[in-house]
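See structure below.
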Amino acid sequence: MKFLYDFSILTNSIHQMLAASLSPLWVFIIELVLVGLVFLGFYAILGLFLVYLERRVCAFIQNRLGPNRVGPQGIFQTIADLVKLLFKELFVVRKADKILFNLAPFIVIIASLMAIGAIPYAKGLHAIDLNIGVFYILAVTSLGVVGILLAGWSSNSKYSLLGAMRSGAQIISYELSVGLSLLAVIIFSGSMQLSTIVESQANGWWIFKGHIPAFFAFVIFLIAATAETNRGPFDLAEAESELTAGFHTEYTGIRFAFFFLAEYMNMFLAAALATTVFLGGWMPFHFFDFSGFNYVMDFIPPFVWFFGKTFVVIYIIMLFKWTFPRLRIDQLLTLEWKYLLPLNLLNIIVIAFIVLMGWHF
Amino acid sequence: MNPVIKYFSEIVKGVGTLITGMKVTSGYFIRPKEIITQKYPENRDTLIMLERFKGEVVMPHDENNQHACTGCGICEINCPNGSIQILTAKITNAEGKSVRVIDKHIYHLSMCTMCGLCVKTCPSDAIVFAPTFEHAVFDRNKLTLQLNKPGSSIKKGVKE
């Protein structure tokens, strides 16, 4: 299949340029550093932008304006906030476990940074294309809960510990729903490789091709992913009104900013995964056989499609937070174990049957 | 009811109510005209203050520089934190009688809590609330105001 925009040409030319003058070891090291720098910059800028976006979206939902003073429409507000956080004192609680206390924010941020490398942003534009991409992302994002548990345990604070324990119970239960809802599309496309999943949607996104069960899986994925990223209405791990700030109560300055950034990047990751798996990733929208319409859609660059879809999903996740009241811990676990999980298993059986009979497009 | 039917009908009902809530919030999101935030220093000229806003206590004067305050002192008695001081003077009126009139209606804006007891209890409705709110000054003494303008007199027909 031919694509209008193929970024593998660009990446291959960079690789050949380096290989022409350097030894393979140096090429490998330089490419690692380049990719690392690109993703760190991408991570920081996108994280700051998402914080700004969240504040604006929640303001509009509540009939307010939100930040609008620093820069045009307030776009530099989060940068100003970051500078403020950089200059703050790094406070450590007296009886805290110092090593774990310092380690926890890094584990949380590394877990989300490792996962965004596996997402395909366009044809040939991803850091690693593993043949078990979906599995890798699920495994790496669950590492984040280790950081949260460490933060809660080492802070020597009852609020932190309660928040961390709640977060652990929550993430471990909702991991099941996330995995099973992604399994729906893995059954459809027959592959766990993210680039293959995207390319299997060239003639239609799985949310349309997979009939109603795929839509169910998408909805369940959205709910479970919101819970897994510790966002409202499932933000029991933070629960401002009960636990002051949950697991990051005792953190200040840039350590707190790490937790904050990681939360937003996890939200981006959930949205990007939903986009890749259910909404066709960077594939343009094609409408049956209207070749003129499809041809125009092909001209829009793939990363515009990718980020457009991702931000739509991010908006839906933000809408969840600013619409629904927070669940109690027992309601949270009831929702998972009594509703989402059985429905998800039923859904998987229906999907397996559809694929077996070849009823999907 | 059959528990299986109940289980699924609960799910449908629950999703329905969630969608209702999301419709409301999305509605607010796509109607930015309803935003109530005032961009204050920029819209200072067009700022519309609400009628019942309690900014400070003022004494309205008419075009003849006359007010309705008789100097009875009820507002001073009712003020819970002593922000009002009534200074009266005795003058002889046209009929040759010696009567008590207001000399200075002193109002300490810095101590006022805008409770409104003075306005509520004033028998001749001489004092009202004004919707002004830019009271910041560099000297505390500037917050001690005299409500009756110098040279003003009482309106005719206001009963003692």
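By convention here, the chains of the structure tokens are called A, B, ... in the order presented, each chain's residues are numbered starting at 1, and ligands are numbered starting at 1 in the order presented.
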
Report as JSON lines the residues of stretch 242-286 of chain A within 8 Å of stretch 37-61 of chain A, each with its shortest atom pair and distance in Å (one decimal), using only C-alpha atoms, ordered by chain and increasing residue number.
```
{"residue": "A:Leu261", "atom": "CA", "partner": "A:Gly47", "partner_atom": "CA", "distance": 5.6}
{"residue": "A:Ala262", "atom": "CA", "partner": "A:Gly47", "partner_atom": "CA", "distance": 7.8}
{"residue": "A:Tyr264", "atom": "CA", "partner": "A:Gly47", "partner_atom": "CA", "distance": 6.0}
{"residue": "A:Met265", "atom": "CA", "partner": "A:Gly47", "partner_atom": "CA", "distance": 5.9}
```

Discussion item. Based on the backbone DSSP call, show me all residues of chain B assigned strand (DSSP E or B), as JSON, numbers by chain.
Written reply: {"B": [56, 57, 58, 66, 67, 84, 85, 86, 87, 88, 89, 90, 91, 92, 98, 99, 100, 101, 102, 103, 104, 105, 106, 107, 108, 128, 129, 130, 144, 145, 146, 153, 154]}

Item to complete: Pick out the residues sitting within 7 Å of A:Leu340, and hand them over as a ChimeraX atom specification; count only C-alpha atoms, and ignore anything fewer than 5 positions along from it in its own chain.
Response: /A:177,220,335

Quick one: residues within 10 Å of stretch 298-306 of chain A, only C-alpha atoms, excluding same-chain residues fewer than 4 positions away - as a compact mmCIF listing (two decimals) with C-alpha atoms, in the first residue's frame?
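Result written to out-v9.txt:
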```
# COMPACT_ATOMS: atom_id res chain seq x y z
CA PHE A 3 1.09 6.34 1.49
CA LEU A 4 1.52 9.98 0.61
CA TYR A 5 3.59 10.83 3.64
CA ASP A 6 6.22 8.24 4.55
CA PHE A 7 8.54 9.32 7.35
CA PRO A 120 3.27 5.29 15.98
CA TYR A 121 2.76 8.99 15.22
CA ALA A 122 2.88 8.61 11.45
CA LYS A 123 4.05 6.12 8.87
CA LEU A 125 7.58 7.85 12.79
CA ALA A 272 -3.10 7.95 21.95
CA THR A 275 -6.67 6.47 18.84
CA THR A 276 -4.15 3.96 17.54
CA LEU A 279 -9.74 5.16 15.74
CA GLY A 280 -7.20 4.24 13.08
CA GLY A 281 -4.12 5.97 14.47
CA TRP A 282 -2.65 8.21 11.78
CA MET A 283 -4.93 6.77 9.08
CA PRO A 284 -7.04 9.38 7.31
CA PHE A 285 -10.80 9.08 7.36
CA HIS A 286 -12.06 7.27 4.30
CA GLY A 292 -12.44 12.31 -4.51
CA PHE A 293 -13.25 12.74 -0.82
CA ASN A 294 -10.74 10.05 0.15
CA THR A 310 -6.02 12.08 20.20
CA PHE A 311 -7.19 15.50 21.31
```

Worksheet item: Please, which residues of chain B lie no more than 7 Å from chain A when the count uses only C-alpha atoms, and can they be set out as a list in words?
Response: Gly21, Met22, Thr25, Ser26, Tyr28, Phe29, Pro32, Glu34, Ile35, Ile36 and Thr37 of chain B

Item to complete: For stretch 155-172 of chain A, list every protein, DNA or RNA residue within 9 Å, evaluated using only C-alpha atoms, and leave out those in the same chain fewer than 4 positions away; present the list as number ranges by chain.
Response: A: 92-98, 100-101, 142, 145-146, 148-151, 176, 227-230, 234-239, 242-251, 329, 332-333

Restricting the output to N, CA and C atoms, write the selected residues as a compact mmCIF listing (two decimals), in the first residue's frame.
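Output (out-v4.txt):
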```
# COMPACT_ATOMS: atom_id res chain seq x y z
N VAL A 92 11.98 17.66 52.26
CA VAL A 92 11.91 16.23 52.57
C VAL A 92 11.42 16.09 54.00
N VAL A 93 10.42 15.24 54.19
CA VAL A 93 9.86 15.02 55.52
C VAL A 93 10.94 14.37 56.39
N ARG A 94 10.95 14.71 57.69
CA ARG A 94 12.05 14.30 58.56
C ARG A 94 12.21 12.78 58.62
N LYS A 95 11.10 12.06 58.82
CA LYS A 95 11.22 10.61 58.98
C LYS A 95 10.96 9.86 57.68
N ALA A 96 11.02 10.57 56.55
CA ALA A 96 10.77 9.90 55.27
C ALA A 96 11.94 9.00 54.91
N ASP A 97 11.63 7.98 54.10
CA ASP A 97 12.68 7.12 53.59
C ASP A 97 13.32 7.84 52.40
N LYS A 98 14.50 8.42 52.64
CA LYS A 98 15.05 9.40 51.70
C LYS A 98 15.26 8.83 50.30
N LEU A 100 13.93 6.16 48.71
CA LEU A 100 12.69 5.85 47.99
C LEU A 100 11.92 7.12 47.68
N PHE A 101 11.96 8.06 48.62
CA PHE A 101 11.25 9.33 48.43
C PHE A 101 11.77 10.06 47.20
N SER A 142 2.02 0.02 33.69
CA SER A 142 1.73 -0.48 35.04
C SER A 142 2.92 -0.29 35.97
N VAL A 145 2.55 2.48 38.79
CA VAL A 145 1.93 2.26 40.10
C VAL A 145 2.98 1.94 41.15
N VAL A 146 4.11 1.36 40.73
CA VAL A 146 5.20 1.12 41.69
C VAL A 146 5.69 2.46 42.25
N ILE A 148 4.01 5.22 42.43
CA ILE A 148 2.99 5.81 43.29
C ILE A 148 3.00 5.15 44.66
N LEU A 149 3.11 3.82 44.68
CA LEU A 149 3.15 3.10 45.96
C LEU A 149 4.38 3.51 46.76
N LEU A 150 5.53 3.64 46.09
CA LEU A 150 6.75 4.05 46.79
C LEU A 150 6.59 5.45 47.36
N ALA A 151 6.00 6.35 46.56
CA ALA A 151 5.81 7.72 47.03
C ALA A 151 4.95 7.74 48.27
N LEU A 176 -7.15 -4.97 34.22
CA LEU A 176 -7.84 -6.08 33.56
C LEU A 176 -8.73 -5.58 32.44
N ALA A 227 -9.64 5.52 34.69
CA ALA A 227 -9.38 5.05 36.04
C ALA A 227 -7.90 4.73 36.22
N GLU A 228 -7.27 4.19 35.19
CA GLU A 228 -5.88 3.77 35.34
C GLU A 228 -4.94 4.96 35.42
N THR A 229 -5.33 6.08 34.81
CA THR A 229 -4.46 7.26 34.89
C THR A 229 -4.76 8.09 36.13
N ASN A 230 -5.58 7.58 37.04
CA ASN A 230 -5.89 8.28 38.28
C ASN A 230 -6.53 9.64 38.05
N PHE A 234 -12.27 9.13 38.89
CA PHE A 234 -11.64 8.01 39.62
C PHE A 234 -10.39 8.48 40.34
N ASP A 235 -10.29 9.77 40.70
CA ASP A 235 -9.05 10.27 41.29
C ASP A 235 -9.00 10.04 42.79
N LEU A 236 -9.31 8.80 43.21
CA LEU A 236 -9.29 8.49 44.64
C LEU A 236 -7.90 8.56 45.21
N ALA A 237 -6.90 8.33 44.37
CA ALA A 237 -5.53 8.36 44.87
C ALA A 237 -5.14 9.77 45.29
N GLU A 238 -5.79 10.78 44.70
CA GLU A 238 -5.47 12.16 45.09
C GLU A 238 -6.54 12.71 46.01
N ALA A 239 -7.79 12.66 45.58
CA ALA A 239 -8.94 13.00 46.42
C ALA A 239 -8.70 14.22 47.30
N GLU A 242 -10.45 14.66 50.63
CA GLU A 242 -10.26 13.71 51.72
C GLU A 242 -8.80 13.62 52.14
N LEU A 243 -7.90 13.54 51.16
CA LEU A 243 -6.51 13.21 51.45
C LEU A 243 -5.55 14.35 51.10
N THR A 244 -6.00 15.56 51.13
CA THR A 244 -5.24 16.75 50.68
C THR A 244 -4.70 16.56 49.26
N ALA A 245 -3.70 15.72 49.04
CA ALA A 245 -3.30 15.48 47.65
C ALA A 245 -2.93 14.03 47.42
N GLY A 246 -3.29 13.13 48.34
CA GLY A 246 -2.97 11.73 48.13
C GLY A 246 -1.49 11.46 48.14
N PHE A 247 -1.04 10.65 47.20
CA PHE A 247 0.33 10.14 47.28
C PHE A 247 1.38 11.23 47.14
N HIS A 248 1.07 12.38 46.51
CA HIS A 248 2.11 13.41 46.42
C HIS A 248 1.89 14.58 47.39
N THR A 249 1.27 14.27 48.55
CA THR A 249 1.06 15.33 49.54
C THR A 249 2.36 15.96 49.98
N GLU A 250 3.39 15.14 50.22
CA GLU A 250 4.62 15.64 50.82
C GLU A 250 5.64 16.11 49.79
N TYR A 251 5.28 16.11 48.53
CA TYR A 251 6.26 16.47 47.51
C TYR A 251 6.15 17.95 47.16
N ILE A 329 -14.59 4.29 47.14
CA ILE A 329 -13.71 3.17 46.79
C ILE A 329 -14.49 1.90 46.52
N LEU A 332 -16.12 2.13 43.19
CA LEU A 332 -15.11 1.98 42.15
C LEU A 332 -14.84 0.52 41.86
N LEU A 333 -14.68 -0.25 42.92
CA LEU A 333 -14.37 -1.67 42.72
C LEU A 333 -15.60 -2.42 42.23
```

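Coordinates place atom CA of A:Asn266 at a distance of 24.5 Å from atom CA of A:Ile99.
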
Fill in: stretch 78-95 of chain B environment, 12 Å, only C-alpha atoms, sequence neighbours closer than 2 positions dropped, as a PyMOL selection string
chain B and resi 56-58+69-76+97-122+127+143-148+153-154
